[in-house]
$ cat upload.csv   # CSV, C-alpha atoms
chain,number,residue,atom,x,y,z
A,451,MET,CA,62.9,-27.9,8.6
A,452,ILE,CA,63.0,-24.3,7.5
A,453,ARG,CA,61.7,-25.4,4.1
A,454,SER,CA,58.7,-27.3,5.6
A,455,LEU,CA,58.0,-24.2,7.7
A,456,TYR,CA,57.9,-22.0,4.6
A,457,VAL,CA,55.6,-24.5,2.8
A,458,VAL,CA,53.2,-24.6,5.8
A,459,VAL,CA,53.1,-20.7,6.0
A,460,LEU,CA,52.7,-20.5,2.2
A,461,VAL,CA,49.7,-23.0,2.3
A,462,ALA,CA,48.2,-21.2,5.2
A,463,MET,CA,48.4,-17.8,3.5
A,464,ALA,CA,46.9,-19.2,0.3
A,465,ALA,CA,44.0,-20.8,2.2
A,466,GLY,CA,43.4,-17.6,4.2
A,467,SER,CA,43.4,-15.3,1.3
A,468,ALA,CA,40.9,-17.5,-0.6
A,469,SER,CA,38.5,-17.4,2.2
A,470,LEU,CA,38.9,-13.6,2.6
A,471,GLN,CA,38.2,-13.1,-1.1
A,472,ALA,CA,35.0,-15.1,-0.8
A,473,GLN,CA,33.8,-13.0,2.1
A,474,ALA,CA,34.7,-9.7,0.4
A,475,ARG,CA,32.9,-10.5,-2.9
A,476,PRO,CA,29.1,-10.4,-2.9
A,477,GLN,CA,27.7,-13.7,-4.0
A,478,PRO,CA,25.9,-13.4,-7.3
A,479,GLN,CA,22.2,-13.6,-6.6
A,480,GLU,CA,19.3,-14.1,-8.9
A,481,PRO,CA,17.8,-10.6,-9.4
A,482,LYS,CA,14.2,-10.3,-8.2
A,483,ALA,CA,11.8,-10.1,-11.1
A,484,SER,CA,10.1,-6.7,-11.2
A,485,VAL,CA,6.3,-6.6,-10.9
A,486,PRO,CA,4.6,-5.7,-14.2
A,487,ARG,CA,2.9,-2.4,-14.1
A,488,THR,CA,-0.5,-4.0,-14.9
A,489,HIS,CA,-0.3,-6.1,-11.7
A,490,LEU,CA,0.5,-3.3,-9.3
A,491,PRO,CA,-2.0,-2.9,-6.5
A,492,PRO,CA,-4.5,0.0,-6.6
A,493,PRO,CA,-3.4,3.2,-4.8
A,494,GLY,CA,-3.6,2.9,-1.0
A,495,MET,CA,-3.5,-0.9,-1.2
A,496,CYS,CA,-0.7,-3.6,-1.2
A,497,ARG,CA,-0.1,-7.0,-2.8
A,498,ILE,CA,1.8,-10.1,-1.7
A,499,TRP,CA,4.1,-11.0,-4.6
A,500,LEU,CA,5.2,-14.7,-4.6
A,501,ASP,CA,8.6,-15.6,-6.1
A,502,ASN,CA,8.5,-18.1,-9.0
A,503,VAL,CA,4.7,-17.7,-9.5
A,504,PRO,CA,3.4,-16.2,-12.8
A,505,PRO,CA,1.7,-12.8,-12.5
A,506,SER,CA,-1.7,-14.1,-13.4
A,507,GLN,CA,-1.6,-16.5,-10.4
A,508,GLN,CA,-0.6,-13.9,-7.8
A,509,PRO,CA,-2.8,-13.2,-4.8
A,510,ALA,CA,-5.3,-10.3,-5.1
A,511,PRO,CA,-4.5,-6.9,-3.7
A,512,THR,CA,-5.4,-6.3,0.0
A,513,ASP,CA,-4.9,-3.8,2.7
A,514,CYS,CA,-1.3,-3.3,3.7
A,515,ALA,CA,-1.6,-4.4,7.3
A,516,SER,CA,-3.0,-7.8,6.2
A,517,ALA,CA,-0.3,-8.1,3.5
A,518,VAL,CA,2.5,-7.5,5.9
A,519,ARG,CA,1.0,-9.8,8.5
A,520,ASN,CA,0.4,-12.7,6.0
A,521,GLN,CA,3.7,-12.4,4.0
A,522,PRO,CA,5.1,-15.8,3.3
A,523,ARG,CA,8.8,-16.7,3.2
A,524,ASN,CA,8.9,-16.9,-0.6
A,525,GLY,CA,7.1,-13.6,-1.1
A,526,ARG,CA,7.4,-9.9,-0.6
A,527,VAL,CA,4.9,-7.1,-0.1
A,528,ILE,CA,4.4,-4.7,-3.0
A,529,PHE,CA,3.3,-1.2,-1.9
A,530,ASN,CA,1.7,1.3,-4.3
A,531,ASP,CA,2.8,4.8,-3.3
A,532,GLU,CA,0.8,6.7,-5.9
A,533,PRO,CA,-1.6,9.1,-4.4
A,534,ARG,CA,-5.3,8.3,-4.7
A,535,THR,CA,-7.1,10.1,-7.4
A,536,PRO,CA,-10.5,11.5,-6.6
A,537,ASN,CA,-13.4,9.6,-8.1
A,538,PRO,CA,-15.4,12.2,-10.2
A,539,ARG,CA,-18.6,10.2,-9.5
A,540,LEU,CA,-18.3,10.7,-5.8
A,541,PRO,CA,-19.1,14.0,-4.1
A,542,ILE,CA,-16.2,15.8,-2.3
A,543,VAL,CA,-16.8,15.8,1.4
A,544,LYS,CA,-16.0,19.3,2.7
A,545,SER,CA,-16.9,18.5,6.3
A,546,LEU,CA,-17.2,15.5,8.5
A,547,LYS,CA,-19.8,17.0,10.7
A,548,GLU,CA,-23.4,15.9,10.4
A,549,PRO,CA,-25.5,18.2,8.2
A,550,ALA,CA,-27.8,20.6,10.1
A,551,ALA,CA,-31.3,19.3,10.3
A,552,ALA,CA,-34.2,21.4,9.0
A,553,PRO,CA,-35.9,23.2,11.8
A,554,ARG,CA,-39.1,21.4,12.9
A,555,LYS,CA,-42.4,23.1,13.0
A,556,THR,CA,-43.9,23.6,16.4
A,557,PRO,CA,-47.3,21.8,17.0
A,558,ASP,CA,-49.0,25.1,17.8
A,559,GLU,CA,-48.7,26.4,14.3
A,560,PRO,CA,-51.6,25.6,12.0
A,561,PRO,CA,-50.8,24.1,8.7
A,562,PRO,CA,-50.7,26.6,5.9
A,563,ALA,CA,-54.0,27.0,4.1
A,564,PRO,CA,-54.1,25.7,0.5
A,565,ALA,CA,-54.1,28.4,-2.1
A,566,LYS,CA,-57.5,28.7,-3.9
A,567,PRO,CA,-57.3,28.4,-7.7
A,568,ALA,CA,-57.9,31.8,-9.3
A,569,ASN,CA,-61.0,31.8,-11.5
A,570,PRO,CA,-60.6,34.3,-14.3
A,571,ASN,CA,-64.3,34.4,-15.1
A,572,PRO,CA,-66.5,35.0,-12.0
A,573,LYS,CA,-69.7,34.2,-13.9
A,574,PRO,CA,-71.2,30.7,-13.4
A,575,VAL,CA,-70.7,28.3,-16.3
A,576,LYS,CA,-73.8,26.9,-18.1
A,577,PRO,CA,-73.8,23.2,-18.9
A,578,ASP,CA,-73.4,22.4,-22.6
A,579,ARG,CA,-76.0,19.6,-22.8
A,580,PRO,CA,-79.7,20.5,-23.3
A,581,GLU,CA,-82.1,20.0,-20.5
A,582,PRO,CA,-84.5,17.1,-20.7
A,583,GLY,CA,-87.9,18.0,-21.9
A,584,ARG,CA,-87.1,20.7,-24.4
$ encode --input "upload.csv" --output "structure tokens"
Amino acid sequence: MIRSLYVVVLVAMAAGSASLQAQARPQPQEPKASVPRTHLPPPGMCRIWLDNVPPSQQPAPTDCASAVRNQPRNGRVIFNDEPRTPNPRLPIVKSLKEPAAAPRKTPDEPPPAPAKPANPNPKPVKPDRPEPGR
């Protein structure tokens, strides 16, 4: 009877230690493939990256709120944390206020008089063609 008790305790300890070892060790998981640098979203945008789908068939970049809202179970959201670089073709906005409008002319003011062309020779000009009858 004592032998059978020892056997039962030994079997229980072996079974218990095996389950504890399985819980303590992390299960080997397939590492997630990194996103190629060429397929990162532009600065300020995000991209849904689907597992087991080639990079050329991934969804297009979108705004981050839509990407997080529409994330499927087999995908993850890729954020681009790089700061936006200013576009040299666009003007830099220094103020968000409306530009001041040019002052309007009051209706009482007469329009400015056109400048008369200056005539360097005050003498009248004779026509170049001969008069008829001569």
$ atom_distance --input "upload.csv" --atom1 "atom CA of A:Met495" --atom2 "atom CA of A:Asp513"
5.1 Å
$ atom_distance --input "upload.csv" --atom1 "atom CA of A:Ser506" --atom2 "atom CA of A:Thr488"
10.3 Å
$ closest_residue --input "upload.csv" --among "A:Arg497, A:Pro504, A:Ala464, A:Arg579" --to "A:Ile528" --atoms "all atoms listed in the file"
A:Arg497
$ atom_distance --input "upload.csv" --atom1 "atom CA of A:Phe529" --atom2 "atom CA of A:Ser516"
12.2 Å
$ closest_residue --input "upload.csv" --among "A:Ala550, A:Ala462, A:Val457, A:Ala510" --to "A:His489" --atoms "only C-alpha atoms"
A:Ala510
$ residues_around --input "upload.csv" --residues "A:Trp499" --least-positions-apart "4" --cutoff "12 Å" --atoms "only C-alpha atoms" --output "NGL selection string"
:A and (482-486 or 489-491 or 503-512 or 517-518 or 520-529)
